[in-house]
There are 2 protein chains.
Amino acid sequence: MALSFVKRLCVQLEQTDRILPGGYLYMSDLLGLPSLMEQAGKIIATAFYGSEIDVVMTVETKGIPLAYATAAQLGLPVVLVRRDHQVTEGSAVSINYVSGSHKSIHTMSLSRRALKEKSRVLIVDDFMKAGGTVRGMVDLLGEFNAEVAGVGVLVESGAVETEERLLHDYVSLVKLSEVDSKERRISAHPGNYFSS
Amino acid sequence: MALSFVKRLCVQLEQTDRILPGGYLYMSDLLGLPSLMEQAGKIIATAFYGSEIDVVMTVETKGIPLAYATAAQLGLPVVLVRRDHQVTEGSAVSINYVSGSHKSIHTMSLSRRALKEKSRVLIVDDFMKAGGTVRGMVDLLGEFNAEVAGVGVLVESGAVETEERLLHDYVSLVKLSEVDSKERRISAHPGNYFSS
């Protein structure tokens, strides 16, 4: 069931018109399908059933529907990390983090009242390359004395050297092994969810 | 059913510790509950059953879970408007819009390939004050030769003069008639969904 769903997703991801400048992949149409997000969230949830988790966390924007779909399965609330500090969040804790693939510095921020101390947190995102964004969320959890209970991503990019990878313990549904914008070739395979 | 759900939501919104500087209301805890979003999305969907709609649209960030919950009920995809132009969206159309309550200018942008011409679009958001953000989405639809099929919001602020309101045709589940940060008083009532 899970594998056939992910294999169909891989076929969709391999459509060459998804290739964007810089080797990025257009996925917004797929992320915009509530039923697809629900199925993906169900699979990620199965990887963490029985784990002690208090909340699901994601950073805006594209991972939000997957985080809600996963949280709905596990019966948990969602905590949303912002890229900027918003007036509607009250006082917040902000950190800087380095994107692993670009080495550029970004900010993320979380409302003080969004997360209780010692919470056990499942991090969910739509895409992971070197893992800098997820690493940033892990660092942010430290500021709240909260703990990572797990990390689940829809798609991981395999185009990362092992020593560049900032995060090693995660579950992925799809692994992109190649996005070649010159040859217009994409290779997508089932992720480590299916090999562990 | 719908009314009792919204009345319970009003009681939660009236908790005085939600008041933030500037008269904003902290709602992220409620927006973070997948089951609450699902129920709210079901109610908004009932207001548009039978309407000719192709997609649900929202602008990042906080309206996203409600938009997905509504779209899931109606069996529709979600189109996500960004505040900035992102590399992962490909070529995009950007517009500037004026926030009605602050008179400040913002940008929103939508990927060219996200929306087909002549699409009929249901706009969903978590909060509406003067309606400038929703108005911006309506203007953006014009750039795509797409049409507004309806507007649904979770919470509308009643603290807007009628002549200031930029949008008059919408469905709201909750109406905030007062957020008094000095007296620490909030009044929330069922919105126009229940009076139309």
# chains A, B, ... in the order shown; residues from 1 in each chain; ligands from 1
$ interface_residues --of "chain A" --to "chain B" --cutoff "8 Å" --atoms "only C-alpha atoms" --output "number ranges by chain"
A: 20-21, 24-29, 32-35, 60-61, 64-65, 68-69, 71-72, 76-80, 87-90, 114
$ residues_around --residues "Ala92 of chain B" --least-positions-apart "5" --cutoff "7 Å" --atoms "only C-alpha atoms" --output "list in words"
His85, Ser109, Leu110, Ser111 and Arg112 of chain B
$ write_last_selection --atoms "C-alpha atoms" --output "PDB file, in the first residue's frame"
ATOM      1  CA  HIS B  85       8.769  34.874  -4.781  1.00  0.00           C
ATOM      2  CA  SER B 109       3.089  36.170  -5.533  1.00  0.00           C
ATOM      3  CA  LEU B 110       1.712  33.077  -7.223  1.00  0.00           C
ATOM      4  CA  SER B 111       3.486  30.576  -9.441  1.00  0.00           C
ATOM      5  CA  ARG B 112       2.418  30.872 -13.071  1.00  0.00           C
TER       6      ARG B 112
END
$ residues_around --residues "Ser4 of chain B" --least-positions-apart "3" --cutoff "12 Å" --atoms "only C-alpha atoms" --output "mmCIF file with C-alpha atoms, in the first residue's frame"
data_model
loop_
_atom_site.group_PDB
_atom_site.id
_atom_site.type_symbol
_atom_site.label_atom_id
_atom_site.label_comp_id
_atom_site.auth_asym_id
_atom_site.auth_seq_id
_atom_site.Cartn_x
_atom_site.Cartn_y
_atom_site.Cartn_z
ATOM 1 C CA MET B 1 -23.687 21.116 15.524
ATOM 2 C CA LYS B 7 -19.822 28.904 20.371
ATOM 3 C CA ARG B 8 -17.180 26.769 22.094
ATOM 4 C CA LEU B 9 -14.562 28.372 19.840
ATOM 5 C CA CYS B 10 -15.832 31.830 20.856
ATOM 6 C CA VAL B 11 -15.399 30.948 24.538
ATOM 7 C CA GLN B 39 -14.388 20.883 11.895
ATOM 8 C CA ALA B 40 -14.049 24.523 10.860
ATOM 9 C CA ILE B 43 -18.508 24.182 8.140
ATOM 10 C CA LEU B 173 -17.553 31.634 11.368
ATOM 11 C CA VAL B 174 -16.605 33.983 14.204
ATOM 12 C CA HIS B 189 -19.715 35.891 18.515
ATOM 13 C CA PRO B 190 -20.853 33.531 15.777
ATOM 14 C CA PHE B 194 -25.130 31.831 10.988
#
$ closest_residue --among "B:Val138, B:Val93, B:Ala2, B:Val121" --to "Gly150 of chain B" --atoms "only C-alpha atoms"
B:Val121
$ select_by_dssp --residues "segment 40-153 of chain B" --states "strand (DSSP E)" --output "ChimeraX atom specification"
/B:55-59,78-81,92-98,105-111,120-128,147-153
$ atom_distance --atom1 "atom CA of Ser195 of chain B" --atom2 "atom CA of Leu3 of chain B"
11.0 Å
$ atom_distance --atom1 "atom CA of Thr107 of chain A" --atom2 "atom CA of Gly142 of chain A"
15.4 Å
$ select_by_dssp --residues "segment 127-158 of chain B" --states "helix (DSSP H, G or I)" --output "PyMOL selection string"
chain B and resi 132-143
$ write_last_selection --atoms "N, CA and C atoms" --output "PDB file, in the first residue's frame"
ATOM      1  N   GLY B 132      -7.895  43.632   3.296  1.00  0.00           N
ATOM      2  CA  GLY B 132      -6.862  43.986   2.317  1.00  0.00           C
ATOM      3  C   GLY B 132      -6.141  42.781   1.743  1.00  0.00           C
ATOM      4  N   THR B 133      -5.867  41.790   2.583  1.00  0.00           N
ATOM      5  CA  THR B 133      -5.155  40.604   2.113  1.00  0.00           C
ATOM      6  C   THR B 133      -6.026  39.807   1.147  1.00  0.00           C
ATOM      7  N   VAL B 134      -7.295  39.642   1.495  1.00  0.00           N
ATOM      8  CA  VAL B 134      -8.213  38.921   0.605  1.00  0.00           C
ATOM      9  C   VAL B 134      -8.381  39.703  -0.702  1.00  0.00           C
ATOM     10  N   ARG B 135      -8.522  41.030  -0.606  1.00  0.00           N
ATOM     11  CA  ARG B 135      -8.589  41.911  -1.777  1.00  0.00           C
ATOM     12  C   ARG B 135      -7.373  41.702  -2.676  1.00  0.00           C
ATOM     13  N   GLY B 136      -6.188  41.573  -2.048  1.00  0.00           N
ATOM     14  CA  GLY B 136      -4.960  41.303  -2.804  1.00  0.00           C
ATOM     15  C   GLY B 136      -5.075  40.000  -3.580  1.00  0.00           C
ATOM     16  N   MET B 137      -5.622  38.968  -2.935  1.00  0.00           N
ATOM     17  CA  MET B 137      -5.794  37.682  -3.624  1.00  0.00           C
ATOM     18  C   MET B 137      -6.771  37.820  -4.785  1.00  0.00           C
ATOM     19  N   VAL B 138      -7.825  38.623  -4.596  1.00  0.00           N
ATOM     20  CA  VAL B 138      -8.793  38.850  -5.675  1.00  0.00           C
ATOM     21  C   VAL B 138      -8.096  39.528  -6.856  1.00  0.00           C
ATOM     22  N   ASP B 139      -7.254  40.529  -6.563  1.00  0.00           N
ATOM     23  CA  ASP B 139      -6.511  41.211  -7.635  1.00  0.00           C
ATOM     24  C   ASP B 139      -5.567  40.242  -8.351  1.00  0.00           C
ATOM     25  N   LEU B 140      -4.930  39.373  -7.571  1.00  0.00           N
ATOM     26  CA  LEU B 140      -4.019  38.381  -8.143  1.00  0.00           C
ATOM     27  C   LEU B 140      -4.779  37.447  -9.084  1.00  0.00           C
ATOM     28  N   LEU B 141      -5.994  37.068  -8.698  1.00  0.00           N
ATOM     29  CA  LEU B 141      -6.817  36.216  -9.563  1.00  0.00           C
ATOM     30  C   LEU B 141      -7.058  36.884 -10.906  1.00  0.00           C
ATOM     31  N   GLY B 142      -7.250  38.211 -10.866  1.00  0.00           N
ATOM     32  CA  GLY B 142      -7.443  38.954 -12.106  1.00  0.00           C
ATOM     33  C   GLY B 142      -6.287  38.761 -13.068  1.00  0.00           C
ATOM     34  N   GLU B 143      -5.066  38.704 -12.534  1.00  0.00           N
ATOM     35  CA  GLU B 143      -3.868  38.505 -13.364  1.00  0.00           C
ATOM     36  C   GLU B 143      -3.872  37.146 -14.049  1.00  0.00           C
TER      37      GLU B 143
END
$ atom_distance --atom1 "atom CA of Thr46 of chain A" --atom2 "atom CA of Val81 of chain A"
23.7 Å
$ residues_around --residues "Glu117 of chain A" --least-positions-apart "2" --cutoff "8 Å" --atoms "only C-alpha atoms" --output "PDB file with C-alpha atoms, in the first residue's frame"
ATOM      1  CA  LEU A 115       5.833  24.846  23.204  1.00  0.00           C
ATOM      2  CA  SER A 119       7.996  18.471  25.055  1.00  0.00           C
ATOM      3  CA  PHE A 144      12.768  25.414  24.816  1.00  0.00           C
ATOM      4  CA  ASN A 145      14.401  22.511  26.654  1.00  0.00           C
ATOM      5  CA  ALA A 146      12.380  20.314  24.347  1.00  0.00           C
TER       6      ALA A 146
END
$ residues_around --residues "segment 161-165 of chain A" --least-positions-apart "2" --cutoff "12 Å" --atoms "only C-alpha atoms" --output "ChimeraX atom specification"
/A:99-103,128-135,156-159,167-170,177
